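A short write-up of the structure that comes next.
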Amino acid sequence: MVALIVRRGVEKGLVRMDLSAARAPVRKLFARLRNARRRAAFFVTAGADDSSGHDARQWVRYYRSIKRNPHVVLYQTHSGSAMSCNPYAIFRELLDDPKFAHLEHVWVLDSVTELARRRAEYAHRPNVRFVRFKTDEYRKALATATYLIQNAVFPAYFTKRPGQVYVNSWHSAGAVKRMGFDAPRGNLVSRNVLRDLMMADYLISPNALTTRMYADSYRLRGLYGGCLLQLGYPRNDTLLTASRAQVIDDLRSRGVEIDPQKKIVLYAPTWRGTIGNVRAGTDELEKFRNALHERIDTDEYQVLVKPHTFHYNRLTDEQKQSGRYVPRHVNANALLAAVDILVSDYSSIFFDFMLTDRPILFYVPDLADYTAERGLYFTPDELPGPVTDDAATIAEWINDLGAVSHDCAERYARLKAMVCAGDDGHAAKRTVDAVFRGEAPEGAIVRLDDPGLTKVLIHAAELDDHGDTEAVLALAAGLDPAHYDVSVACGEAKASRANIERLTTVRVFVRAAGSALLPNEARALGYLSRHGPDVLVRRMNLQPVLEREWRRRFGDAQFDVIVDASRRPGLFAWMARQNTQGALLISRPTDVAAELDWLTAAKPAGGGDRSLTRGALTALYRAADAVVVPSSHLLTRARAAFPTVTFVAAEAMIDPDRVPSLLNQARAWRDEWRVRPSLIVADVSVDANATVHTAQLNDSAPAPDSGEPYRRFVTMGELSPQQNLVELIAAFADFVGQHPNSRLFVVGGGPMLAELRQLTAGPELGGRVCFTGQLRNPFTVLDQADCFVLPSTHEGYSLAVAEARQLGLPIVLARFASAPSVMVPEGQYLTGFTAAELFDGLQAFVAGRVPTGYSFDVKAHNASAAQQWNVVLAQSKREWPPPSN
């Protein structure tokens with residue numbers, strides 16, 4: 001009977017259905033277990049590529065485990081080079097005031113010898129102690145002191161912790177050489193300085209010249225929310241009060257050969273080279289010193305040489321012990337009090353020395369080279385003393401000081417009035433009053449923040465040569481500075497550096513080298529980036545880590561809107577979501593619905609690294625205030641794919657100067673370097689030996705005897721499945737069968753290059769498909785082409801099409817969803833995605849059915865795109881603080 005019931009149940013499908021239903025929970029359970037096992041395995045290896053070093057990790061341990069000491073003040077001058085400059089003047093003011101007897105003072109020094117000397121000097125002061133730079137003791141003090149006072153920058157791992165008060169006094173009363181973003185490669189070389197200054201609660205400025213350096217050279221104007229104090233330079237209190245006898249005693253105690261009866265000529269040049277590649281210049285120092293000794297009255301004068309710290313560190317032990325050089329540990333402002341004549345170059349030391357009204361002479365033997373390498377704010381005739389490139393002339397001026405001083409008196413007085421007006425011997429007291437008593441003098445506070453501007457931060461993890469990069473650069477440049485304060489954040493990868501320096505009108509936060517994460521933190525963030533905030537992440541409580549990393553990159557900056565325009569959004573967006581009062585927009589340059597299909601496919605075409613899961617991507621989109629797609633034609637598809645996400649549309653802007661400038665460069669390369677007419681000069685580079693190298697592509701007609709004109713087709717973009725090149729190559733193979741005198745240029749690189757090369761290796765194409773690779777200047781090829789083809793199955797706003805239009809090329813365009821956003825009236829031939837349909841498009845060009853002579857107005861497009869972004873940004877900007885209930 002049971003067998004009969006089962007047999008009849010099977011015949012009717014009832015038992016099979018019941019068994020299937022019974023198995024479903026089991027399958028679901030096994031799937032969950034399998035998924036959990038995979039996630040656990042990923043967590044073990046996540047964060048393996050973290051770049052945090054020992055110093056950073058040890059600092060994080062102190063940061064996390066030890067409370068801040070409210071009575072500790074830490075002082076640092078030039079990474080521990082000396083007890084000097086503004087921090088020293090502030091230290092003396094606090095130490096001598098009995099109202100601050102409760103404070104403990106910690107000095108950072110990098111020399112064992114100097115540490116021993118200073119410990120002995122302050123042995124009677126139990127509230128003064130010293131730590132050596134780059135030791136665990138230093139990192140502990142840095143993490144736990146409440147007051148931080150220094151004149152340069154802290155290490156890249158440093159983050160000001162809540163409750164710390166950071167005073168950055170800088171180290172020059174003005175600048176001759178270009179600083180910050182004004183300097184060559186300024187966006188890169190300023191990366192640690194900018195983030196450090198943005199952390200400072202107080203910036204000390206002696207004058208309007210230095211205030212402009214902060215505001216404009218480092219582009220703090222508009223965003224910096226701290227307090228800039230323009231109240232004179234504390235370090236110059238020392239210059240005005242130090243006695244010559246004290247200075248000479250200090251120099252003698254340090255082994256410097258000095259005669260108290262002779263006048264002192266101090267030669268104090270700045271350094272040469274670049275950070276990480278400092279040219280020592282020791283021979284030049286010796287040569288100049290000897291040249292003076294041979295020509296001046298050595299019974300009246302003696303010459304001391306004070307190398308810049310970077311150069312001093314490159315002296316030999318014999319040179320340091322020779323008595324001919326002022327050690328770097330000497331307080332320069334005290335030294336200047338004893339100097340009778342200063343000889344310098346581009347160093348800012350002369351700004352302080354003008355307080356003495358004593359002569360300044362300028363020896364600049366490399367003016368043209370230095371100007372080209374670094375750039376200058378002052379011309380020689382604006383400096384407060386005569387300028388020469390001849391050491392003998394310096395000696396002549398020393399021998400006839402009266403005439404020299406008279407000739408330069410007017411410009412000396414003019415510059416002194418600009419730079420030194422606030423220096424009266426009490427700047428340190430005014431600084432202490434402002435920082436420690438909250439009593440800033442009237443008119444001393446300068447506010448750089450502009451509350452009338454919307455603060456926008458645009459993030460792109462990479463700025464390599466890619467269409468997405470062009471969209472980021474154009475957006476940053478295209479937002480109206482009358483309404484927006486714009487910053488761009490990016491990584492420092494070598495492939496991005498050329499494009500980073502193209503950002504000339506906005507503030508650039510280049511990620512400072514390394515990270516500051518403990519191993520378990522790095523694993524947790526790596527896991528979050530891939531899997532999103534699942535149950536495991538929520539239990540890990542990553543918010544403090546995300547907040548710390550955000551402040552490490554941007555200090556105390558507050559943005560109204562953050563636009564994450566990375567090709568693969570992830571960790572940065574989660575940091576932004578946790579750490580800002582502003583709105584978060586995720587800008588996607590592609591068709592997000594098609595991207596989701598690829599992400600969830602079992603075996604995605606073209607392979608590639610799916611760096612985050614569908615769930616993580618959905619959670620990220622939900623966390624954003626909105627996701628920006630590059631075409632209104634993609635909104636319906638996006639909302640269907642992610643029904644719980646807010647989507648808005650804004651098209652990409654176009655750099656109006658990119659195509660004309662690169663086109664001119666391409667034509668210049670062609671005219672100068674082309675070996676023969678049948679070649680295209682695809683790239684030109686110069687190596688370290690000044691040898692010119694060119695990359696040239698075959699552009700000869702493949703079948704000149706066919707009687708047909710030579711036809712060049714070109715396509716451009718990342719070599720990925722979405723570009724649909726497999727179908728285009730199949731179409732072109734059929735096309736070549738009828739029109740053999742044709743060639744297809746494929747501009748770009750990507751994961752499918754090897755596969756595509758294999759497809760074109762057969763005899764039927766006969767070398768007629770040329771893969772150019774990624775080109776710095778793609779218009780070397782596009783300028784020679786006859787027709788542009790875009791066969792993509794999906795795109796965002798195709799900048800490749802927009803750039804082809806600027807050359808007036810006929811365009812064969814596949815009907816992807818956002819194609820209407822790049823179409824113009826009578827400006828393209830539309831086709832499908834299959835090889836047969838693309839073949840029809842190629843044939844249409846031969847038949848003259850692909851339109852030419854259309855109109856494309858870049859300025860009109862940018863105006864429309866800017867208005868779209870204005871609407872998106874205005875709608876996204878949050879009211880802050882939020883209204884109370």
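Residues are named by chain letter and number: chains run A, B, ... in the order of the structure tokens, numbers start at 1 in each chain, and ligands are numbered from 1 in the order shown.
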(message) With only C-alpha atoms as the counted atoms, please give the residues lying no more than 8 Å from segment 80-90 of chain A, apart from itself and same-chain residues fewer than 6 positions off, as a PyMOL selection string.
(response) chain A and resi 107-111+114+132-133+149-151+169-171+233-235+237-238+309+328-333+428-429+431-432
(request) Excluding Thr618 of chain A and residues on its chain fewer than 6 positions from it, collect all residues at most 10 Å away from it, counting only C-alpha atoms, and give them as a PyMOL selection string. (result) chain A and resi 532+596+641-645
(request) Would you mind writing down, as a list in words, each residue of segment 599-684 of chain A that DSSP on the backbone assigns to strand (DSSP E)? (result)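 Checking each residue of segment 599-684 of chain A, the strand (DSSP E) ones are Ala626, Val627, Val628, Val629, Phe647, Val648, Ala649, Leu679, Ile680, Val681, Ala682, Asp683 and Val684 of chain A.
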Dump of all heavy atoms for the selected residues, as a PDB file, in the first residue's frame:
ATOM      1  N   ALA A 626      23.096  59.842  -2.482  1.00  0.00           N
ATOM      2  CA  ALA A 626      22.625  59.571  -3.837  1.00  0.00           C
ATOM      3  C   ALA A 626      23.766  58.972  -4.634  1.00  0.00           C
ATOM      4  O   ALA A 626      24.942  59.169  -4.319  1.00  0.00           O
ATOM      5  CB  ALA A 626      22.117  60.842  -4.521  1.00  0.00           C
ATOM      6  N   VAL A 627      23.410  58.229  -5.672  1.00  0.00           N
ATOM      7  CA  VAL A 627      24.380  57.720  -6.642  1.00  0.00           C
ATOM      8  C   VAL A 627      24.160  58.482  -7.939  1.00  0.00           C
ATOM      9  O   VAL A 627      23.025  58.557  -8.448  1.00  0.00           O
ATOM     10  CB  VAL A 627      24.208  56.202  -6.866  1.00  0.00           C
ATOM     11  CG1 VAL A 627      25.172  55.706  -7.939  1.00  0.00           C
ATOM     12  CG2 VAL A 627      24.423  55.455  -5.555  1.00  0.00           C
ATOM     13  N   VAL A 628      25.246  59.060  -8.462  1.00  0.00           N
ATOM     14  CA  VAL A 628      25.153  59.883  -9.664  1.00  0.00           C
ATOM     15  C   VAL A 628      25.526  59.037 -10.868  1.00  0.00           C
ATOM     16  O   VAL A 628      26.624  58.472 -10.925  1.00  0.00           O
ATOM     17  CB  VAL A 628      26.096  61.099  -9.581  1.00  0.00           C
ATOM     18  CG1 VAL A 628      25.883  62.019 -10.783  1.00  0.00           C
ATOM     19  CG2 VAL A 628      25.867  61.865  -8.283  1.00  0.00           C
ATOM     20  N   VAL A 629      24.606  58.932 -11.828  1.00  0.00           N
ATOM     21  CA  VAL A 629      24.895  58.246 -13.087  1.00  0.00           C
ATOM     22  C   VAL A 629      25.119  59.292 -14.169  1.00  0.00           C
ATOM     23  O   VAL A 629      24.613  60.409 -14.081  1.00  0.00           O
ATOM     24  CB  VAL A 629      23.765  57.271 -13.474  1.00  0.00           C
ATOM     25  CG1 VAL A 629      23.673  56.148 -12.461  1.00  0.00           C
ATOM     26  CG2 VAL A 629      22.423  57.992 -13.596  1.00  0.00           C
ATOM     27  N   PHE A 647      18.976  57.533  -7.073  1.00  0.00           N
ATOM     28  CA  PHE A 647      19.824  57.833  -8.223  1.00  0.00           C
ATOM     29  C   PHE A 647      19.488  59.214  -8.776  1.00  0.00           C
ATOM     30  O   PHE A 647      18.318  59.612  -8.822  1.00  0.00           O
ATOM     31  CB  PHE A 647      19.639  56.791  -9.329  1.00  0.00           C
ATOM     32  CG  PHE A 647      20.270  55.469  -9.027  1.00  0.00           C
ATOM     33  CD1 PHE A 647      19.531  54.434  -8.477  1.00  0.00           C
ATOM     34  CD2 PHE A 647      21.612  55.260  -9.281  1.00  0.00           C
ATOM     35  CE1 PHE A 647      20.094  53.210  -8.191  1.00  0.00           C
ATOM     36  CE2 PHE A 647      22.200  54.032  -9.006  1.00  0.00           C
ATOM     37  CZ  PHE A 647      21.443  53.006  -8.455  1.00  0.00           C
ATOM     38  N   VAL A 648      20.528  59.937  -9.196  1.00  0.00           N
ATOM     39  CA  VAL A 648      20.370  61.208  -9.901  1.00  0.00           C
ATOM     40  C   VAL A 648      21.322  61.178 -11.093  1.00  0.00           C
ATOM     41  O   VAL A 648      22.221  60.347 -11.164  1.00  0.00           O
ATOM     42  CB  VAL A 648      20.687  62.409  -8.996  1.00  0.00           C
ATOM     43  CG1 VAL A 648      19.666  62.544  -7.871  1.00  0.00           C
ATOM     44  CG2 VAL A 648      22.105  62.295  -8.420  1.00  0.00           C
ATOM     45  N   ALA A 649      21.112  62.077 -12.025  1.00  0.00           N
ATOM     46  CA  ALA A 649      21.929  62.078 -13.247  1.00  0.00           C
ATOM     47  C   ALA A 649      22.644  63.408 -13.425  1.00  0.00           C
ATOM     48  O   ALA A 649      22.075  64.477 -13.171  1.00  0.00           O
ATOM     49  CB  ALA A 649      21.058  61.793 -14.471  1.00  0.00           C
ATOM     50  N   LEU A 679      54.282  56.084 -41.262  1.00  0.00           N
ATOM     51  CA  LEU A 679      54.300  55.791 -39.831  1.00  0.00           C
ATOM     52  C   LEU A 679      53.535  56.860 -39.057  1.00  0.00           C
ATOM     53  O   LEU A 679      53.463  58.020 -39.476  1.00  0.00           O
ATOM     54  CB  LEU A 679      55.738  55.717 -39.300  1.00  0.00           C
ATOM     55  CG  LEU A 679      56.608  54.568 -39.826  1.00  0.00           C
ATOM     56  CD1 LEU A 679      58.033  54.718 -39.313  1.00  0.00           C
ATOM     57  CD2 LEU A 679      56.029  53.216 -39.408  1.00  0.00           C
ATOM     58  N   ILE A 680      52.970  56.467 -37.937  1.00  0.00           N
ATOM     59  CA  ILE A 680      52.343  57.398 -37.001  1.00  0.00           C
ATOM     60  C   ILE A 680      53.226  57.476 -35.760  1.00  0.00           C
ATOM     61  O   ILE A 680      53.564  56.451 -35.177  1.00  0.00           O
ATOM     62  CB  ILE A 680      50.931  56.925 -36.595  1.00  0.00           C
ATOM     63  CG1 ILE A 680      49.981  56.970 -37.785  1.00  0.00           C
ATOM     64  CG2 ILE A 680      50.383  57.772 -35.444  1.00  0.00           C
ATOM     65  CD1 ILE A 680      48.602  56.402 -37.483  1.00  0.00           C
ATOM     66  N   VAL A 681      53.624  58.696 -35.374  1.00  0.00           N
ATOM     67  CA  VAL A 681      54.407  58.877 -34.150  1.00  0.00           C
ATOM     68  C   VAL A 681      53.438  58.825 -32.974  1.00  0.00           C
ATOM     69  O   VAL A 681      52.728  59.787 -32.675  1.00  0.00           O
ATOM     70  CB  VAL A 681      55.170  60.212 -34.161  1.00  0.00           C
ATOM     71  CG1 VAL A 681      56.012  60.351 -32.894  1.00  0.00           C
ATOM     72  CG2 VAL A 681      56.040  60.319 -35.401  1.00  0.00           C
ATOM     73  N   ALA A 682      53.391  57.672 -32.302  1.00  0.00           N
ATOM     74  CA  ALA A 682      52.398  57.472 -31.244  1.00  0.00           C
ATOM     75  C   ALA A 682      52.835  58.058 -29.913  1.00  0.00           C
ATOM     76  O   ALA A 682      52.000  58.415 -29.082  1.00  0.00           O
ATOM     77  CB  ALA A 682      52.113  55.981 -31.072  1.00  0.00           C
ATOM     78  N   ASP A 683      54.152  58.161 -29.686  1.00  0.00           N
ATOM     79  CA  ASP A 683      54.623  58.704 -28.405  1.00  0.00           C
ATOM     80  C   ASP A 683      56.061  59.165 -28.563  1.00  0.00           C
ATOM     81  O   ASP A 683      56.817  58.635 -29.393  1.00  0.00           O
ATOM     82  CB  ASP A 683      54.523  57.654 -27.299  1.00  0.00           C
ATOM     83  CG  ASP A 683      54.587  58.263 -25.900  1.00  0.00           C
ATOM     84  OD1 ASP A 683      54.490  59.504 -25.797  1.00  0.00           O
ATOM     85  OD2 ASP A 683      54.736  57.515 -24.921  1.00  0.00           O
ATOM     86  N   VAL A 684      56.430  60.151 -27.751  1.00  0.00           N
ATOM     87  CA  VAL A 684      57.792  60.667 -27.712  1.00  0.00           C
ATOM     88  C   VAL A 684      58.172  60.821 -26.244  1.00  0.00           C
ATOM     89  O   VAL A 684      57.407  61.384 -25.451  1.00  0.00           O
ATOM     90  CB  VAL A 684      57.913  62.029 -28.419  1.00  0.00           C
ATOM     91  CG1 VAL A 684      59.329  62.585 -28.278  1.00  0.00           C
ATOM     92  CG2 VAL A 684      57.544  61.900 -29.886  1.00  0.00           C
TER      93      VAL A 684
END
(message) Would you pick out the contacts of Pro677 of chain A at 10 Å or less, using only C-alpha atoms, so that residues sharing its chain but fewer than 6 positions from it are not included, and give the list as a list in words?
(response)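 In the requested format, the answer is Arg670, Asp671, Asn698, Asp699 and Ser700 of chain A.
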Dump of all heavy atoms for the selected residues, as a tab-separated table (two decimals), in the first residue's frame:
chain	number	residue	atom	x	y	z
A	670	ARG	N	54.58	64.56	-35.20
A	670	ARG	CA	54.56	63.99	-36.56
A	670	ARG	C	55.54	64.73	-37.47
A	670	ARG	O	56.32	64.12	-38.20
A	670	ARG	CB	53.14	64.07	-37.12
A	670	ARG	CG	52.99	63.48	-38.52
A	670	ARG	CD	51.57	63.67	-39.01
A	670	ARG	NE	51.25	65.09	-39.16
A	670	ARG	CZ	50.02	65.59	-39.20
A	670	ARG	NH1	48.98	64.79	-39.08
A	670	ARG	NH2	49.82	66.87	-39.34
A	671	ASP	N	55.54	66.05	-37.37
A	671	ASP	CA	56.39	66.84	-38.26
A	671	ASP	C	57.87	66.70	-37.90
A	671	ASP	O	58.73	66.73	-38.78
A	671	ASP	CB	55.99	68.32	-38.19
A	671	ASP	CG	54.59	68.56	-38.75
A	671	ASP	OD1	54.10	67.68	-39.49
A	671	ASP	OD2	54.00	69.61	-38.43
A	698	ASN	N	52.73	51.39	-37.68
A	698	ASN	CA	52.61	51.18	-39.12
A	698	ASN	C	51.32	51.83	-39.63
A	698	ASN	O	50.22	51.54	-39.17
A	698	ASN	CB	52.60	49.68	-39.43
A	698	ASN	CG	52.51	49.41	-40.92
A	698	ASN	OD1	52.69	50.31	-41.74
A	698	ASN	ND2	52.25	48.16	-41.26
A	699	ASP	N	51.46	52.71	-40.61
A	699	ASP	CA	50.29	53.38	-41.20
A	699	ASP	C	50.34	53.27	-42.73
A	699	ASP	O	49.82	54.13	-43.44
A	699	ASP	CB	50.26	54.85	-40.77
A	699	ASP	CG	48.96	55.54	-41.15
A	699	ASP	OD1	47.92	54.86	-41.14
A	699	ASP	OD2	49.00	56.74	-41.46
A	700	SER	N	50.97	52.21	-43.23
A	700	SER	CA	51.04	52.02	-44.67
A	700	SER	C	49.78	51.35	-45.18
A	700	SER	O	49.16	50.54	-44.48
A	700	SER	CB	52.27	51.17	-45.03
A	700	SER	OG	52.17	49.91	-44.39
(message) For Ile398 of chain A, find every residue with an atom within 10 Å (counting only C-alpha atoms), except residues of its own chain fewer than 3 positions away, and show them as a VMD selection string.
(response) chain A and resid 265 292 295 to 297 301 341 343 359 to 361 392 to 395 401 to 402 404
(message) So that I can see what lies close to Gly841 of chain A, please list as a list in words the residues with an atom at most 12 Å from it, counting only C-alpha atoms and leaving out residues fewer than 6 positions away in the same chain.
(response) Phe713, Leu728, Ala731, Phe732, Phe735, Cys787, Phe788, Val789, Leu790, Pro791, Pro810, Ile811, Val812, Leu813, Ala814, Arg815, Gln828, Tyr829, Leu830, Thr831, Gly832, Phe833, Thr834, Ala835, Ala847, Gly848, Arg849, Val850 and Pro851 of chain A
(request) Work out how far apart atom CA of Ala427 of chain A and atom CA of Ala444 of chain A are and give it in Å to one decimal. (result)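 Spanning atom CA of Ala427 of chain A to atom CA of Ala444 of chain A is a straight-line distance of 11.1 Å.
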(message) List as a list in words the protein and nucleic acid residues near Leu304 of chain A, meaning an atom at most 8 Å away when only C-alpha atoms are counted, but skip any in the same chain fewer than 6 places from it.
(response)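 Surrounding residues, per the criterion: Ile264, Val265, Leu266, Tyr267, Arg324, Tyr325 and Val326 of chain A.
Of the listed residues (A:Ala175, A:Val303, A:Leu240, A:Arg507), A:Val303 comes nearest to Ile258 of chain A; the distances count only C-alpha atoms.
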(message) Could you pull out the alpha helix (DSSP H) residues of segment 521-652 of chain A, going by DSSP on the backbone, and write them as a VMD selection string?
(response) chain A and resid 521 to 531 535 to 540 543 to 554 571 to 579 592 to 600 614 to 623 635 to 641
Restricted to C-alpha atoms, what would the selected residues look like written as a PDB file, in the first residue's frame?
ATOM      1  CA  GLU A 521      42.530  46.937  11.682  1.00  0.00           C
ATOM      2  CA  ALA A 522      43.947  46.471   8.184  1.00  0.00           C
ATOM      3  CA  ARG A 523      42.250  43.076   7.904  1.00  0.00           C
ATOM      4  CA  ALA A 524      38.955  44.487   9.105  1.00  0.00           C
ATOM      5  CA  LEU A 525      39.026  47.392   6.646  1.00  0.00           C
ATOM      6  CA  GLY A 526      39.970  45.064   3.798  1.00  0.00           C
ATOM      7  CA  TYR A 527      37.033  42.860   4.690  1.00  0.00           C
ATOM      8  CA  LEU A 528      34.672  45.863   4.905  1.00  0.00           C
ATOM      9  CA  SER A 529      35.811  47.058   1.496  1.00  0.00           C
ATOM     10  CA  ARG A 530      34.862  43.752  -0.129  1.00  0.00           C
ATOM     11  CA  HIS A 531      31.866  42.551   1.860  1.00  0.00           C
ATOM     12  CA  VAL A 535      27.240  41.076  10.867  1.00  0.00           C
ATOM     13  CA  LEU A 536      30.969  40.470  11.321  1.00  0.00           C
ATOM     14  CA  VAL A 537      31.854  44.082  10.479  1.00  0.00           C
ATOM     15  CA  ARG A 538      29.213  45.462  12.814  1.00  0.00           C
ATOM     16  CA  ARG A 539      30.689  43.445  15.665  1.00  0.00           C
ATOM     17  CA  MET A 540      34.180  44.773  14.930  1.00  0.00           C
ATOM     18  CA  GLN A 543      33.909  53.504  13.326  1.00  0.00           C
ATOM     19  CA  PRO A 544      36.879  54.731  15.443  1.00  0.00           C
ATOM     20  CA  VAL A 545      39.323  53.327  12.878  1.00  0.00           C
ATOM     21  CA  LEU A 546      37.484  54.911   9.955  1.00  0.00           C
ATOM     22  CA  GLU A 547      37.317  58.238  11.782  1.00  0.00           C
ATOM     23  CA  ARG A 548      41.034  58.154  12.585  1.00  0.00           C
ATOM     24  CA  GLU A 549      42.014  57.385   9.007  1.00  0.00           C
ATOM     25  CA  TRP A 550      39.726  60.130   7.715  1.00  0.00           C
ATOM     26  CA  ARG A 551      41.326  62.711  10.006  1.00  0.00           C
ATOM     27  CA  ARG A 552      44.782  61.444   9.047  1.00  0.00           C
ATOM     28  CA  ARG A 553      44.047  62.322   5.425  1.00  0.00           C
ATOM     29  CA  PHE A 554      42.069  65.542   5.823  1.00  0.00           C
ATOM     30  CA  LEU A 571      36.659  51.926   1.674  1.00  0.00           C
ATOM     31  CA  PHE A 572      36.909  55.652   1.016  1.00  0.00           C
ATOM     32  CA  ALA A 573      33.133  55.970   0.796  1.00  0.00           C
ATOM     33  CA  TRP A 574      32.723  54.143   4.103  1.00  0.00           C
ATOM     34  CA  MET A 575      35.229  56.535   5.700  1.00  0.00           C
ATOM     35  CA  ALA A 576      33.359  59.493   4.262  1.00  0.00           C
ATOM     36  CA  ARG A 577      30.048  58.186   5.521  1.00  0.00           C
ATOM     37  CA  GLN A 578      31.377  57.863   9.075  1.00  0.00           C
ATOM     38  CA  ASN A 579      33.413  61.013   9.279  1.00  0.00           C
ATOM     39  CA  VAL A 592      25.315  50.496 -13.051  1.00  0.00           C
ATOM     40  CA  ALA A 593      22.679  47.954 -14.125  1.00  0.00           C
ATOM     41  CA  ALA A 594      25.069  46.356 -16.613  1.00  0.00           C
ATOM     42  CA  GLU A 595      27.820  46.509 -14.015  1.00  0.00           C
ATOM     43  CA  LEU A 596      25.612  44.602 -11.596  1.00  0.00           C
ATOM     44  CA  ASP A 597      24.961  41.912 -14.227  1.00  0.00           C
ATOM     45  CA  TRP A 598      28.701  41.465 -14.638  1.00  0.00           C
ATOM     46  CA  LEU A 599      29.283  41.469 -10.893  1.00  0.00           C
ATOM     47  CA  THR A 600      26.735  38.719 -10.252  1.00  0.00           C
ATOM     48  CA  ARG A 614      26.772  42.514  -4.782  1.00  0.00           C
ATOM     49  CA  GLY A 615      25.623  42.937  -1.209  1.00  0.00           C
ATOM     50  CA  ALA A 616      28.544  45.253  -0.415  1.00  0.00           C
ATOM     51  CA  LEU A 617      27.851  47.369  -3.486  1.00  0.00           C
ATOM     52  CA  THR A 618      24.165  47.628  -2.665  1.00  0.00           C
ATOM     53  CA  ALA A 619      24.913  48.551   0.952  1.00  0.00           C
ATOM     54  CA  LEU A 620      27.374  51.195  -0.226  1.00  0.00           C
ATOM     55  CA  TYR A 621      24.853  52.718  -2.611  1.00  0.00           C
ATOM     56  CA  ARG A 622      22.243  52.770   0.141  1.00  0.00           C
ATOM     57  CA  ALA A 623      24.659  54.468   2.525  1.00  0.00           C
ATOM     58  CA  LEU A 635      18.103  56.273 -14.503  1.00  0.00           C
ATOM     59  CA  THR A 636      15.298  53.798 -15.214  1.00  0.00           C
ATOM     60  CA  ARG A 637      17.710  50.870 -15.560  1.00  0.00           C
ATOM     61  CA  ALA A 638      19.607  51.886 -12.410  1.00  0.00           C
ATOM     62  CA  ARG A 639      16.463  52.206 -10.299  1.00  0.00           C
ATOM     63  CA  ALA A 640      15.229  48.820 -11.495  1.00  0.00           C
ATOM     64  CA  ALA A 641      18.549  47.179 -10.594  1.00  0.00           C
TER      65      ALA A 641
END
(request) For atom CA of Ile66 of chain A and atom CA of Leu517 of chain A, quote the distance in Å rounded to one decimal. (result)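 So the answer is 16.5 Å.
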